[in-house]
>>> print(open('run_10.cif').read())   # mmCIF, C-alpha atoms and all ligand atoms
data_work
loop_
_atom_site.group_PDB
_atom_site.id
_atom_site.type_symbol
_atom_site.label_atom_id
_atom_site.label_comp_id
_atom_site.auth_asym_id
_atom_site.auth_seq_id
_atom_site.Cartn_x
_atom_site.Cartn_y
_atom_site.Cartn_z
ATOM 1 C CA MET A 1 16.125 1.424 27.285
ATOM 2 C CA ASN A 2 14.509 -1.986 27.660
ATOM 3 C CA LEU A 3 17.317 -4.557 27.918
ATOM 4 C CA ALA A 4 15.518 -6.814 25.444
ATOM 5 C CA TYR A 5 16.077 -4.192 22.746
ATOM 6 C CA SER A 6 19.713 -3.270 23.493
ATOM 7 C CA HIS A 7 21.885 -5.277 21.131
ATOM 8 C CA ARG A 8 25.315 -4.741 19.678
ATOM 9 C CA GLU A 9 25.300 -5.071 15.928
ATOM 10 C CA PHE A 10 22.028 -3.386 14.834
ATOM 11 C CA SER A 11 19.779 -1.080 16.752
ATOM 12 C CA PHE A 12 16.395 -2.684 17.383
ATOM 13 C CA GLU A 13 13.726 -0.416 18.814
ATOM 14 C CA PRO A 14 10.284 -1.344 20.195
ATOM 15 C CA GLU A 15 8.675 0.146 17.064
ATOM 16 C CA ASP A 16 10.798 -2.206 14.910
ATOM 17 C CA HIS A 17 9.466 -5.153 16.876
ATOM 18 C CA THR A 18 5.906 -3.823 16.513
ATOM 19 C CA ALA A 19 6.267 -3.527 12.715
ATOM 20 C CA ILE A 20 7.666 -7.062 12.381
ATOM 21 C CA ALA A 21 5.086 -8.523 14.772
ATOM 22 C CA ARG A 22 2.295 -6.917 12.725
ATOM 23 C CA LEU A 23 3.664 -8.453 9.536
ATOM 24 C CA ALA A 24 4.060 -11.931 11.096
ATOM 25 C CA TYR A 25 0.481 -11.734 12.362
ATOM 26 C CA GLU A 26 -0.984 -10.543 9.081
ATOM 27 C CA GLU A 27 0.972 -13.002 6.949
ATOM 28 C CA ALA A 28 0.988 -16.126 9.118
ATOM 29 C CA GLY A 29 -1.199 -15.537 12.190
ATOM 30 C CA ILE A 30 1.913 -15.798 14.356
ATOM 31 C CA VAL A 31 1.730 -13.712 17.523
ATOM 32 C CA LEU A 32 5.088 -12.227 18.571
ATOM 33 C CA GLN A 33 4.738 -10.518 21.936
ATOM 34 C CA PRO A 34 7.369 -7.933 23.004
ATOM 35 C CA THR A 35 8.907 -10.699 25.153
ATOM 36 C CA LYS A 36 9.986 -12.352 21.866
ATOM 37 C CA ALA A 37 12.150 -9.357 20.887
ATOM 38 C CA GLN A 38 15.381 -11.271 21.419
ATOM 39 C CA LEU A 39 14.181 -14.126 19.203
ATOM 40 C CA VAL A 40 13.029 -11.747 16.451
ATOM 41 C CA TYR A 41 16.332 -9.888 16.564
ATOM 42 C CA GLY A 42 18.413 -13.055 16.360
ATOM 43 C CA ARG A 43 16.464 -14.565 13.493
ATOM 44 C CA LEU A 44 16.228 -11.436 11.344
ATOM 45 C CA ALA A 45 19.761 -10.144 11.979
ATOM 46 C CA ARG A 46 20.933 -13.011 9.722
ATOM 47 C CA ARG A 47 18.624 -11.826 6.953
ATOM 48 C CA ILE A 48 19.801 -8.212 7.343
ATOM 49 C CA ARG A 49 23.391 -9.390 6.863
ATOM 50 C CA ALA A 50 22.410 -11.641 3.928
ATOM 51 C CA CYS A 51 20.719 -8.678 2.224
ATOM 52 C CA GLY A 52 23.741 -6.434 2.854
ATOM 53 C CA LEU A 53 21.657 -3.892 4.790
ATOM 54 C CA THR A 54 22.754 -1.784 7.727
ATOM 55 C CA GLY A 55 19.782 -2.081 10.078
ATOM 56 C CA PHE A 56 16.201 -2.991 10.912
ATOM 57 C CA ALA A 57 14.621 0.190 9.519
ATOM 58 C CA ASP A 58 15.936 -0.640 6.018
ATOM 59 C CA TYR A 59 14.980 -4.295 6.383
ATOM 60 C CA ILE A 60 11.409 -3.474 7.447
ATOM 61 C CA ALA A 61 11.085 -1.149 4.440
ATOM 62 C CA LEU A 62 12.383 -3.961 2.210
ATOM 63 C CA ILE A 63 9.975 -6.651 3.431
ATOM 64 C CA GLN A 64 7.040 -4.320 3.019
ATOM 65 C CA GLU A 65 7.908 -3.983 -0.680
ATOM 66 C CA ASP A 66 9.582 -7.244 -1.651
ATOM 67 C CA SER A 67 7.434 -10.376 -1.395
ATOM 68 C CA GLU A 68 10.386 -12.727 -1.875
ATOM 69 C CA GLU A 69 12.277 -11.286 1.080
ATOM 70 C CA ARG A 70 9.010 -11.225 3.070
ATOM 71 C CA THR A 71 8.845 -15.001 2.524
ATOM 72 C CA HIS A 72 12.408 -15.333 3.839
ATOM 73 C CA ALA A 73 11.490 -13.217 6.863
ATOM 74 C CA ILE A 74 8.443 -15.380 7.670
ATOM 75 C CA ASP A 75 10.577 -18.507 7.150
ATOM 76 C CA ALA A 76 13.098 -17.141 9.631
ATOM 77 C CA LEU A 77 10.401 -16.261 12.172
ATOM 78 C CA THR A 78 8.728 -19.682 12.190
ATOM 79 C CA THR A 79 9.702 -22.234 14.820
ATOM 80 C CA ASN A 80 10.206 -25.570 13.116
ATOM 81 C CA HIS A 81 11.015 -27.760 16.092
ATOM 82 C CA THR A 82 9.730 -31.309 15.549
ATOM 83 C CA SER A 83 10.866 -34.909 15.956
ATOM 84 C CA PHE A 84 10.099 -38.415 14.742
ATOM 85 C CA PHE A 85 7.379 -40.086 16.823
ATOM 86 C CA ARG A 86 6.727 -36.897 18.779
ATOM 87 C CA GLU A 87 3.684 -37.439 21.042
ATOM 88 C CA ASN A 88 3.715 -41.087 20.090
ATOM 89 C CA HIS A 89 0.290 -41.756 21.659
ATOM 90 C CA HIS A 90 -1.241 -40.190 18.525
ATOM 91 C CA PHE A 91 0.499 -42.708 16.282
ATOM 92 C CA GLU A 92 -0.574 -45.526 18.604
ATOM 93 C CA HIS A 93 -4.179 -44.355 18.454
ATOM 94 C CA PHE A 94 -3.961 -43.968 14.692
ATOM 95 C CA MET A 95 -2.699 -47.540 14.290
ATOM 96 C CA GLU A 96 -5.155 -49.123 16.712
ATOM 97 C CA THR A 97 -8.329 -47.244 15.778
ATOM 98 C CA CYS A 98 -8.111 -45.104 12.677
ATOM 99 C CA TRP A 99 -6.008 -47.184 10.288
ATOM 100 C CA PRO A 100 -7.671 -50.681 10.319
ATOM 101 C CA PRO A 101 -10.924 -49.575 8.578
ATOM 102 C CA LEU A 102 -8.964 -47.328 6.206
ATOM 103 C CA LYS A 103 -6.721 -50.217 5.243
ATOM 104 C CA LYS A 104 -9.785 -52.336 4.470
ATOM 105 C CA ARG A 105 -11.249 -49.531 2.397
ATOM 106 C CA LEU A 106 -8.051 -49.252 0.350
ATOM 107 C CA ALA A 107 -8.025 -52.990 -0.249
ATOM 108 C CA THR A 108 -11.493 -52.755 -1.800
ATOM 109 C CA GLY A 109 -10.542 -49.882 -4.098
ATOM 110 C CA GLY A 110 -11.606 -47.023 -1.816
ATOM 111 C CA ARG A 111 -9.869 -43.716 -1.227
ATOM 112 C CA VAL A 112 -7.873 -42.629 1.849
ATOM 113 C CA ARG A 113 -6.542 -39.133 2.471
ATOM 114 C CA LEU A 114 -4.301 -38.086 5.380
ATOM 115 C CA TRP A 115 -2.973 -34.587 6.118
ATOM 116 C CA SER A 116 -0.086 -33.431 8.228
ATOM 117 C CA ALA A 117 -0.835 -29.699 8.455
ATOM 118 C CA ALA A 118 2.243 -27.667 9.496
ATOM 119 C CA CYS A 119 4.494 -30.684 8.942
ATOM 120 C CA SER A 120 7.812 -28.836 9.357
ATOM 121 C CA SER A 121 10.736 -30.928 8.038
ATOM 122 C CA GLY A 122 8.618 -34.056 7.573
ATOM 123 C CA GLU A 123 9.238 -36.077 10.732
ATOM 124 C CA GLU A 124 5.499 -36.154 11.508
ATOM 125 C CA PRO A 125 4.218 -37.468 8.133
ATOM 126 C CA TYR A 126 7.134 -39.895 7.801
ATOM 127 C CA SER A 127 6.426 -41.254 11.310
ATOM 128 C CA LEU A 128 2.842 -41.804 10.251
ATOM 129 C CA LEU A 129 3.956 -43.653 7.129
ATOM 130 C CA MET A 130 6.359 -45.841 9.077
ATOM 131 C CA VAL A 131 3.707 -46.889 11.593
ATOM 132 C CA LEU A 132 1.169 -47.794 8.973
ATOM 133 C CA LEU A 133 3.680 -49.668 6.807
ATOM 134 C CA GLY A 134 5.399 -51.450 9.669
ATOM 135 C CA THR A 135 8.576 -53.311 8.823
ATOM 136 C CA ASP A 136 7.428 -54.660 5.465
ATOM 137 C CA ARG A 137 8.947 -52.727 2.552
ATOM 138 C CA GLN A 138 6.681 -54.470 0.064
ATOM 139 C CA SER A 139 3.668 -52.896 1.746
ATOM 140 C CA ALA A 140 4.949 -49.503 0.503
ATOM 141 C CA GLY A 141 4.819 -50.684 -3.107
ATOM 142 C CA ALA A 142 1.296 -52.008 -2.566
ATOM 143 C CA LEU A 143 0.148 -48.757 -0.927
ATOM 144 C CA ALA A 144 1.581 -46.711 -3.800
ATOM 145 C CA LYS A 145 -0.768 -48.578 -6.172
ATOM 146 C CA GLN A 146 -3.847 -47.849 -4.034
ATOM 147 C CA ASP A 147 -5.864 -44.636 -3.843
ATOM 148 C CA PHE A 148 -3.838 -43.360 -0.899
ATOM 149 C CA ARG A 149 -2.421 -39.851 -0.391
ATOM 150 C CA LEU A 150 -0.489 -38.415 2.506
ATOM 151 C CA LEU A 151 -0.173 -34.658 2.232
ATOM 152 C CA GLY A 152 2.338 -32.658 4.263
ATOM 153 C CA THR A 153 2.004 -28.874 4.178
ATOM 154 C CA ASP A 154 3.844 -25.982 5.740
ATOM 155 C CA LEU A 155 4.336 -22.263 5.383
ATOM 156 C CA SER A 156 8.106 -22.415 5.407
ATOM 157 C CA THR A 157 9.517 -23.093 1.956
ATOM 158 C CA GLU A 158 12.985 -23.953 3.277
ATOM 159 C CA ILE A 159 11.655 -26.516 5.701
ATOM 160 C CA LEU A 160 9.529 -28.098 2.967
ATOM 161 C CA SER A 161 12.595 -28.755 0.867
ATOM 162 C CA SER A 162 14.144 -30.573 3.861
ATOM 163 C CA ALA A 163 10.953 -32.631 4.121
ATOM 164 C CA ARG A 164 11.143 -33.569 0.426
ATOM 165 C CA ASN A 165 14.823 -34.494 0.655
ATOM 166 C CA ALA A 166 14.192 -36.655 3.734
ATOM 167 C CA ARG A 167 17.810 -36.276 4.850
ATOM 168 C CA TYR A 168 18.307 -35.992 8.576
ATOM 169 C CA HIS A 169 21.050 -35.682 11.125
ATOM 170 C CA ALA A 170 22.078 -39.046 12.572
ATOM 171 C CA ASP A 171 20.826 -37.960 16.026
ATOM 172 C CA THR A 172 17.419 -36.983 14.650
ATOM 173 C CA VAL A 173 16.546 -40.527 13.567
ATOM 174 C CA LYS A 174 17.348 -41.997 16.988
ATOM 175 C CA THR A 175 13.737 -41.512 18.123
ATOM 176 C CA ILE A 176 12.512 -43.891 15.389
ATOM 177 C CA PRO A 177 11.905 -47.329 16.961
ATOM 178 C CA PRO A 178 14.891 -49.577 16.050
ATOM 179 C CA ALA A 179 12.859 -52.132 14.060
ATOM 180 C CA LEU A 180 11.444 -49.381 11.834
ATOM 181 C CA ARG A 181 14.783 -47.593 11.627
ATOM 182 C CA GLU A 182 16.368 -50.780 10.377
ATOM 183 C CA VAL A 183 13.966 -50.948 7.432
ATOM 184 C CA TRP A 184 13.360 -47.312 6.526
ATOM 185 C CA VAL A 185 16.544 -45.402 7.361
ATOM 186 C CA GLY A 186 19.753 -45.663 5.364
ATOM 187 C CA LYS A 187 23.057 -43.854 5.412
ATOM 188 C CA GLY A 188 23.060 -40.344 3.990
ATOM 189 C CA GLU A 189 25.804 -37.901 3.104
ATOM 190 C CA ALA A 190 28.414 -36.822 5.659
ATOM 191 C CA GLY A 191 27.394 -39.294 8.325
ATOM 192 C CA GLY A 192 23.741 -38.278 8.142
ATOM 193 C CA ALA A 193 20.641 -40.414 7.574
ATOM 194 C CA GLN A 194 18.466 -40.781 4.482
ATOM 195 C CA LEU A 195 14.920 -42.121 4.512
ATOM 196 C CA HIS A 196 14.097 -44.887 2.056
ATOM 197 C CA PRO A 197 12.844 -43.701 -1.391
ATOM 198 C CA LEU A 198 9.682 -45.802 -0.958
ATOM 199 C CA LEU A 199 8.695 -43.580 1.988
ATOM 200 C CA ARG A 200 9.475 -40.415 0.055
ATOM 201 C CA GLN A 201 7.310 -41.468 -2.870
ATOM 202 C CA LEU A 202 4.290 -41.926 -0.583
ATOM 203 C CA ALA A 203 4.358 -38.394 0.843
ATOM 204 C CA THR A 204 3.480 -35.236 -1.069
ATOM 205 C CA PHE A 205 4.718 -31.917 0.292
ATOM 206 C CA ARG A 206 3.144 -28.581 -0.581
ATOM 207 C CA TYR A 207 3.349 -24.976 0.551
ATOM 208 C CA LEU A 208 0.166 -24.012 2.392
ATOM 209 C CA ASN A 209 -0.528 -21.097 4.702
ATOM 210 C CA LEU A 210 -3.139 -22.309 7.199
ATOM 211 C CA LEU A 211 -4.598 -18.794 7.193
ATOM 212 C CA GLY A 212 -4.941 -18.637 3.413
ATOM 213 C CA SER A 213 -7.142 -20.481 0.953
ATOM 214 C CA TRP A 214 -6.886 -24.268 0.824
ATOM 215 C CA PRO A 215 -6.931 -25.849 -2.622
ATOM 216 C CA MET A 216 -7.797 -29.405 -1.497
ATOM 217 C CA ARG A 217 -11.012 -30.754 -2.971
ATOM 218 C CA ASN A 218 -11.298 -33.964 -1.006
ATOM 219 C CA ARG A 219 -11.913 -34.359 2.692
ATOM 220 C CA PHE A 220 -9.410 -36.105 4.919
ATOM 221 C CA ASP A 221 -9.804 -39.222 7.033
ATOM 222 C CA ALA A 222 -7.309 -37.935 9.582
ATOM 223 C CA ILE A 223 -5.594 -34.599 10.154
ATOM 224 C CA PHE A 224 -2.523 -34.054 12.275
ATOM 225 C CA CYS A 225 -2.337 -30.340 13.109
ATOM 226 C CA ARG A 226 0.052 -30.269 16.025
ATOM 227 C CA ASN A 227 2.130 -27.629 17.752
ATOM 228 C CA VAL A 228 1.329 -24.794 15.392
ATOM 229 C CA MET A 229 -1.815 -23.358 16.996
ATOM 230 C CA ILE A 230 0.249 -22.394 20.043
ATOM 231 C CA TYR A 231 1.592 -19.516 17.933
ATOM 232 C CA PHE A 232 -1.906 -18.214 17.111
ATOM 233 C CA ASP A 233 -4.395 -16.099 19.066
ATOM 234 C CA ASP A 234 -7.801 -17.432 20.133
ATOM 235 C CA GLU A 235 -9.653 -16.000 17.154
ATOM 236 C CA THR A 236 -7.226 -17.540 14.635
ATOM 237 C CA LYS A 237 -7.308 -20.884 16.482
ATOM 238 C CA ALA A 238 -11.110 -21.031 16.448
ATOM 239 C CA ARG A 239 -11.307 -20.139 12.751
ATOM 240 C CA LEU A 240 -8.622 -22.679 11.847
ATOM 241 C CA GLN A 241 -10.227 -25.458 13.901
ATOM 242 C CA SER A 242 -13.579 -24.813 12.289
ATOM 243 C CA ARG A 243 -11.952 -25.098 8.837
ATOM 244 C CA LEU A 244 -10.148 -28.283 9.892
ATOM 245 C CA ALA A 245 -13.506 -29.728 10.969
ATOM 246 C CA ASP A 246 -14.976 -28.825 7.552
ATOM 247 C CA GLN A 247 -12.045 -30.550 5.877
ATOM 248 C CA LEU A 248 -12.503 -33.838 7.791
ATOM 249 C CA VAL A 249 -14.956 -36.616 6.934
ATOM 250 C CA VAL A 250 -17.556 -37.382 9.615
ATOM 251 C CA GLY A 251 -15.894 -40.016 11.789
ATOM 252 C CA GLY A 252 -12.421 -38.694 10.857
ATOM 253 C CA PHE A 253 -9.800 -37.978 13.507
ATOM 254 C CA LEU A 254 -8.094 -34.727 14.445
ATOM 255 C CA TYR A 255 -4.835 -34.837 16.396
ATOM 256 C CA ILE A 256 -3.587 -31.589 17.995
ATOM 257 C CA GLY A 257 -0.492 -30.700 20.028
ATOM 258 C CA HIS A 258 -0.054 -31.507 23.708
ATOM 259 C CA SER A 259 -0.629 -27.928 24.914
ATOM 260 C CA GLU A 260 -3.436 -27.136 22.476
ATOM 261 C CA ARG A 261 -7.189 -27.190 23.123
ATOM 262 C CA LEU A 262 -10.318 -27.102 21.006
ATOM 263 C CA ALA A 263 -12.031 -23.702 20.987
ATOM 264 C CA PRO A 264 -15.446 -23.760 22.731
ATOM 265 C CA GLU A 265 -17.251 -22.776 19.510
ATOM 266 C CA VAL A 266 -15.774 -25.814 17.672
ATOM 267 C CA ALA A 267 -15.745 -28.407 20.463
ATOM 268 C CA GLY A 268 -19.362 -29.476 19.754
ATOM 269 C CA ARG A 269 -18.364 -30.781 16.317
ATOM 270 C CA PHE A 270 -16.052 -33.377 17.862
ATOM 271 C CA SER A 271 -16.168 -36.084 20.455
ATOM 272 C CA TRP A 272 -13.196 -36.324 22.786
ATOM 273 C CA ILE A 273 -11.419 -39.640 22.330
ATOM 274 C CA GLY A 274 -8.335 -39.241 24.497
ATOM 275 C CA ARG A 275 -5.368 -36.975 25.035
ATOM 276 C CA THR A 276 -5.596 -34.247 22.322
ATOM 277 C CA THR A 277 -7.388 -36.726 20.037
ATOM 278 C CA PHE A 278 -10.832 -35.916 18.631
ATOM 279 C CA GLN A 279 -13.326 -37.538 16.280
ATOM 280 C CA LYS A 280 -15.543 -35.433 14.067
ATOM 281 C CA VAL A 281 -19.240 -35.958 14.761
ATOM 282 C CA SER A 282 -20.762 -33.167 12.646
HETATM 283 C C1 LIG A 301 6.697 -26.407 15.854
HETATM 284 S S1 LIG A 301 6.446 -26.918 14.182
HETATM 285 C C2 LIG A 301 5.364 -28.309 14.409
HETATM 286 C C3 LIG A 301 5.732 -29.458 13.505
HETATM 287 C C4 LIG A 301 4.930 -30.735 13.718
HETATM 288 N N1 LIG A 301 3.531 -30.548 13.426
HETATM 289 C C5 LIG A 301 5.101 -31.276 15.114
HETATM 290 O O1 LIG A 301 4.177 -31.212 15.924
HETATM 291 O O2 LIG A 301 6.207 -31.743 15.440
HETATM 292 C C6 LIG A 301 5.328 -25.624 13.631
HETATM 293 C C7 LIG A 301 5.285 -25.490 12.115
HETATM 294 O O3 LIG A 301 4.180 -24.656 11.786
HETATM 295 C C8 LIG A 301 4.522 -23.919 10.635
HETATM 296 N N2 LIG A 301 3.610 -22.756 10.537
HETATM 297 C C9 LIG A 301 3.579 -21.646 11.312
HETATM 298 N N3 LIG A 301 2.602 -20.826 10.912
HETATM 299 C C10 LIG A 301 1.986 -21.435 9.874
HETATM 300 C C11 LIG A 301 0.901 -21.067 9.018
HETATM 301 N N4 LIG A 301 0.237 -19.908 9.161
HETATM 302 N N5 LIG A 301 0.551 -21.947 8.042
HETATM 303 C C12 LIG A 301 1.212 -23.117 7.873
HETATM 304 N N6 LIG A 301 2.242 -23.501 8.639
HETATM 305 C C13 LIG A 301 2.628 -22.667 9.628
HETATM 306 C C14 LIG A 301 5.981 -23.568 10.837
HETATM 307 O O4 LIG A 301 6.633 -23.266 9.628
HETATM 308 C C15 LIG A 301 6.515 -24.850 11.512
HETATM 309 O O5 LIG A 301 7.119 -25.702 10.583
#
>>> encode(input="run_10.cif", output="structure tokens", more="lines below")
Ligand SMILES: C[S@@+](CC[C@H](N)C(=O)[O-])C[C@H]1O[C@@H](n2cnc3c(N)ncnc32)[C@H](O)[C@@H]1O
Amino acid sequence: MNLAYSHREFSFEPEDHTAIARLAYEEAGIVLQPTKAQLVYGRLARRIRACGLTGFADYIALIQEDSEERTHAIDALTTNHTSFFRENHHFEHFMETCWPPLKKRLATGGRVRLWSAACSSGEEPYSLLMVLLGTDRQSAGALAKQDFRLLGTDLSTEILSSARNARYHADTVKTIPPALREVWVGKGEAGGAQLHPLLRQLATFRYLNLLGSWPMRNRFDAIFCRNVMIYFDDETKARLQSRLADQLVVGGFLYIGHSERLAPEVAGRFSWIGRTTFQKVS
């Protein structure tokens, strides 16, 4: 027997992995190669216990029937790793190049839309808000009165509730620059950290499967879609990037993760600006 499949508590056979991998691919576009068997086992064993079942065969039968438990399974299979100011060069570019004309537009009554697609627990959209607000709390009140929206979306319902609560472990907020931390981070429960309510009111979080239909009517001025495409195959990446291009205004910016690339069939719609930073040209 393959060592990857020999575990103590529940038996986990290659065909179990295949069934779960098929479901993760169909539901979320996530590719789970056989080398991920250990990860799949560890994450779903918790759900098997929570459901009071005795093994993977019963659990697979359950998630094929029960959409609520299927959601829990997909939640458990997603990797939500993120951090404040991750790949900070994107926030620097946003501040230097993207934001100044948008700020002017807002001041003259215009509309600005930003999207953090696959935002996980919110560190990415909140970092964006902190950079554009700077250390002035009053600027948050002013922005709230303008036609500004920052949308954060993710597939994982559990992680979205963390994003809405904006409560973080004290270590998590250490990557926020001290001057911004001083203004926007307060003390939370049990020694944790709580982001300022003014930040929370400026971000809207919604469930959205990047593979499904997108309800947004307006185009975005900037889209952060970082460190999610690494879980997708080439076909899914190309389709997603083409939809992201459709959803951006001409001249809008797309920021992708450090190990991600634009698919050849989409690359012509963007000009390369710098490290994993692209501007839509058509
Ligand atoms: C590694 S995190 C990246 C978070 C953040 N963008 C960053 O770069 O730090 C990947 C996120 O993608 C989400 N995700 C995975 N598949 C998705 C899908 N099909 N639609 C929407 N979100 C998805 C996961 O739930 C997870 O929160």
>>> closest_residue(input="run_10.cif", among="A:Ser139, A:Thr153, A:Gln247, A:Asn88", to="ligand LIG 301 (chain A)", atoms="only C-alpha atoms and all ligand atoms")
A:Thr153
>>> residues_around(input="run_10.cif", residues="range 196-208 of chain A", least_positions_apart="4", cutoff="10 Å", atoms="only C-alpha atoms", output="ChimeraX atom specification")
/A:114-119,121-122,125-127,129-130,133,137-141,143-144,148-157,159-161,163-167,181,183-187,212-215
>>> atom_distance(input="run_10.cif", atom1="CA of Leu254 in chain A", atom2="CA of Glu87 in chain A")
13.8 Å
>>> resolve_selection(input="run_10.cif", expression="the PyMOL selection byres (((chain A and resi 90-107) around 10) and not hetatm)", output="JSON, numbers by chain")
{"A": [85, 86, 87, 88, 89, 108, 109, 110, 111, 112, 113, 124, 127, 128, 129, 130, 131, 132, 142, 143, 145, 146, 147, 148, 221, 222, 224, 251, 252, 253, 254, 255, 256, 257, 273, 274, 275, 276, 277, 279]}
>>> resolve_selection(input="run_10.cif", expression="the PyMOL selection byres (((chain A and resi 76) around 12) and not hetatm)", output="PyMOL selection string")
chain A and resi 20+24+39-48+69-75+77-80+155-159
>>> atom_distance(input="run_10.cif", atom1="CA of Glu13 in chain A", atom2="CA of Gln38 in chain A")
11.3 Å
>>> closest_residue(input="run_10.cif", among="A:Asp58, A:Asp136, A:Glu260, A:Glu65", to="ligand LIG 301 (chain A)", atoms="only C-alpha atoms and all ligand atoms")
A:Glu260
>>> closest_residue(input="run_10.cif", among="A:Ile176, A:Ile63, A:Val266, A:Ala28", to="ligand LIG 301 (chain A)", atoms="all atoms listed in the file")
A:Ala28
>>> closest_residue(input="run_10.cif", among="A:Ser242, A:Thr236, A:Ser120, A:Ser67", to="ligand LIG 301 (chain A)", atoms="all atoms listed in the file")
A:Ser120
>>> closest_residue(input="run_10.cif", among="A:Val31, A:Leu210, A:Ala193, A:Leu240", to="ligand LIG 301 (chain A)", atoms="only C-alpha atoms and all ligand atoms")
A:Leu210
>>> closest_residue(input="run_10.cif", among="A:Lys36, A:His258, A:Arg22, A:Arg8", to="ligand LIG 301 (chain A)", atoms="only C-alpha atoms and all ligand atoms")
A:His258
>>> resolve_selection(input="run_10.cif", expression="the PyMOL selection byres (((chain A and resi 241) around 12) and not hetatm)", output="VMD selection string")
chain A and resid 117 210 to 211 223 to 226 228 to 229 232 234 to 240 242 to 248 254 to 256 260 to 270 278 280
>>> write_last_selection(input="run_10.cif", atoms="C-alpha atoms", output="CSV table (one decimal), keeping the file's coordinate frame")
chain,number,residue,atom,x,y,z
A,117,ALA,CA,-0.8,-29.7,8.5
A,210,LEU,CA,-3.1,-22.3,7.2
A,211,LEU,CA,-4.6,-18.8,7.2
A,223,ILE,CA,-5.6,-34.6,10.2
A,224,PHE,CA,-2.5,-34.1,12.3
A,225,CYS,CA,-2.3,-30.3,13.1
A,226,ARG,CA,0.1,-30.3,16.0
A,228,VAL,CA,1.3,-24.8,15.4
A,229,MET,CA,-1.8,-23.4,17.0
A,232,PHE,CA,-1.9,-18.2,17.1
A,234,ASP,CA,-7.8,-17.4,20.1
A,235,GLU,CA,-9.7,-16.0,17.2
A,236,THR,CA,-7.2,-17.5,14.6
A,237,LYS,CA,-7.3,-20.9,16.5
A,238,ALA,CA,-11.1,-21.0,16.4
A,239,ARG,CA,-11.3,-20.1,12.8
A,240,LEU,CA,-8.6,-22.7,11.8
A,242,SER,CA,-13.6,-24.8,12.3
A,243,ARG,CA,-12.0,-25.1,8.8
A,244,LEU,CA,-10.1,-28.3,9.9
A,245,ALA,CA,-13.5,-29.7,11.0
A,246,ASP,CA,-15.0,-28.8,7.6
A,247,GLN,CA,-12.0,-30.6,5.9
A,248,LEU,CA,-12.5,-33.8,7.8
A,254,LEU,CA,-8.1,-34.7,14.4
A,255,TYR,CA,-4.8,-34.8,16.4
A,256,ILE,CA,-3.6,-31.6,18.0
A,260,GLU,CA,-3.4,-27.1,22.5
A,261,ARG,CA,-7.2,-27.2,23.1
A,262,LEU,CA,-10.3,-27.1,21.0
A,263,ALA,CA,-12.0,-23.7,21.0
A,264,PRO,CA,-15.4,-23.8,22.7
A,265,GLU,CA,-17.3,-22.8,19.5
A,266,VAL,CA,-15.8,-25.8,17.7
A,267,ALA,CA,-15.7,-28.4,20.5
A,268,GLY,CA,-19.4,-29.5,19.8
A,269,ARG,CA,-18.4,-30.8,16.3
A,270,PHE,CA,-16.1,-33.4,17.9
A,278,PHE,CA,-10.8,-35.9,18.6
A,280,LYS,CA,-15.5,-35.4,14.1
>>> axis_aligned_box(input="run_10.cif", around="range 204-215 of chain A", padding_each_side="5 Å", output="lines of an AutoDock Vina configuration file")
center_x = -1.2
center_y = -26.9
center_z = 2.3
size_x = 21.9
size_y = 26.6
size_z = 19.8
>>> atom_distance(input="run_10.cif", atom1="atom N6 of ligand LIG 301 (chain A)", atom2="CA of Phe84 in chain A")
17.9 Å
>>> decode(input="run_10.cif", residues="range 232-239 of chain A", atoms="N, CA, C and O atoms", output="PDB file, in the first residue's frame")
ATOM      1  N   PHE A 232      -5.373  26.068  -9.443  1.00  0.00           N
ATOM      2  CA  PHE A 232      -6.181  25.755 -10.619  1.00  0.00           C
ATOM      3  C   PHE A 232      -5.325  25.187 -11.752  1.00  0.00           C
ATOM      4  O   PHE A 232      -4.115  25.441 -11.821  1.00  0.00           O
ATOM      5  N   ASP A 233      -5.965  24.477 -12.682  1.00  0.00           N
ATOM      6  CA  ASP A 233      -5.218  24.007 -13.861  1.00  0.00           C
ATOM      7  C   ASP A 233      -5.206  25.114 -14.933  1.00  0.00           C
ATOM      8  O   ASP A 233      -5.873  26.150 -14.783  1.00  0.00           O
ATOM      9  N   ASP A 234      -4.441  24.881 -15.991  1.00  0.00           N
ATOM     10  CA  ASP A 234      -4.222  25.934 -16.992  1.00  0.00           C
ATOM     11  C   ASP A 234      -5.527  26.421 -17.622  1.00  0.00           C
ATOM     12  O   ASP A 234      -5.706  27.622 -17.850  1.00  0.00           O
ATOM     13  N   GLU A 235      -6.418  25.476 -17.879  1.00  0.00           N
ATOM     14  CA  GLU A 235      -7.681  25.850 -18.534  1.00  0.00           C
ATOM     15  C   GLU A 235      -8.506  26.769 -17.616  1.00  0.00           C
ATOM     16  O   GLU A 235      -9.039  27.793 -18.062  1.00  0.00           O
ATOM     17  N   THR A 236      -8.583  26.405 -16.345  1.00  0.00           N
ATOM     18  CA  THR A 236      -9.352  27.219 -15.382  1.00  0.00           C
ATOM     19  C   THR A 236      -8.704  28.590 -15.218  1.00  0.00           C
ATOM     20  O   THR A 236      -9.389  29.613 -15.156  1.00  0.00           O
ATOM     21  N   LYS A 237      -7.359  28.608 -15.165  1.00  0.00           N
ATOM     22  CA  LYS A 237      -6.650  29.896 -15.016  1.00  0.00           C
ATOM     23  C   LYS A 237      -6.966  30.818 -16.186  1.00  0.00           C
ATOM     24  O   LYS A 237      -7.262  31.992 -16.003  1.00  0.00           O
ATOM     25  N   ALA A 238      -6.882  30.263 -17.403  1.00  0.00           N
ATOM     26  CA  ALA A 238      -7.087  31.101 -18.599  1.00  0.00           C
ATOM     27  C   ALA A 238      -8.512  31.648 -18.625  1.00  0.00           C
ATOM     28  O   ALA A 238      -8.736  32.831 -18.915  1.00  0.00           O
ATOM     29  N   ARG A 239      -9.480  30.782 -18.283  1.00  0.00           N
ATOM     30  CA  ARG A 239     -10.881  31.232 -18.300  1.00  0.00           C
ATOM     31  C   ARG A 239     -11.104  32.308 -17.244  1.00  0.00           C
ATOM     32  O   ARG A 239     -11.719  33.341 -17.504  1.00  0.00           O
TER      33      ARG A 239
END
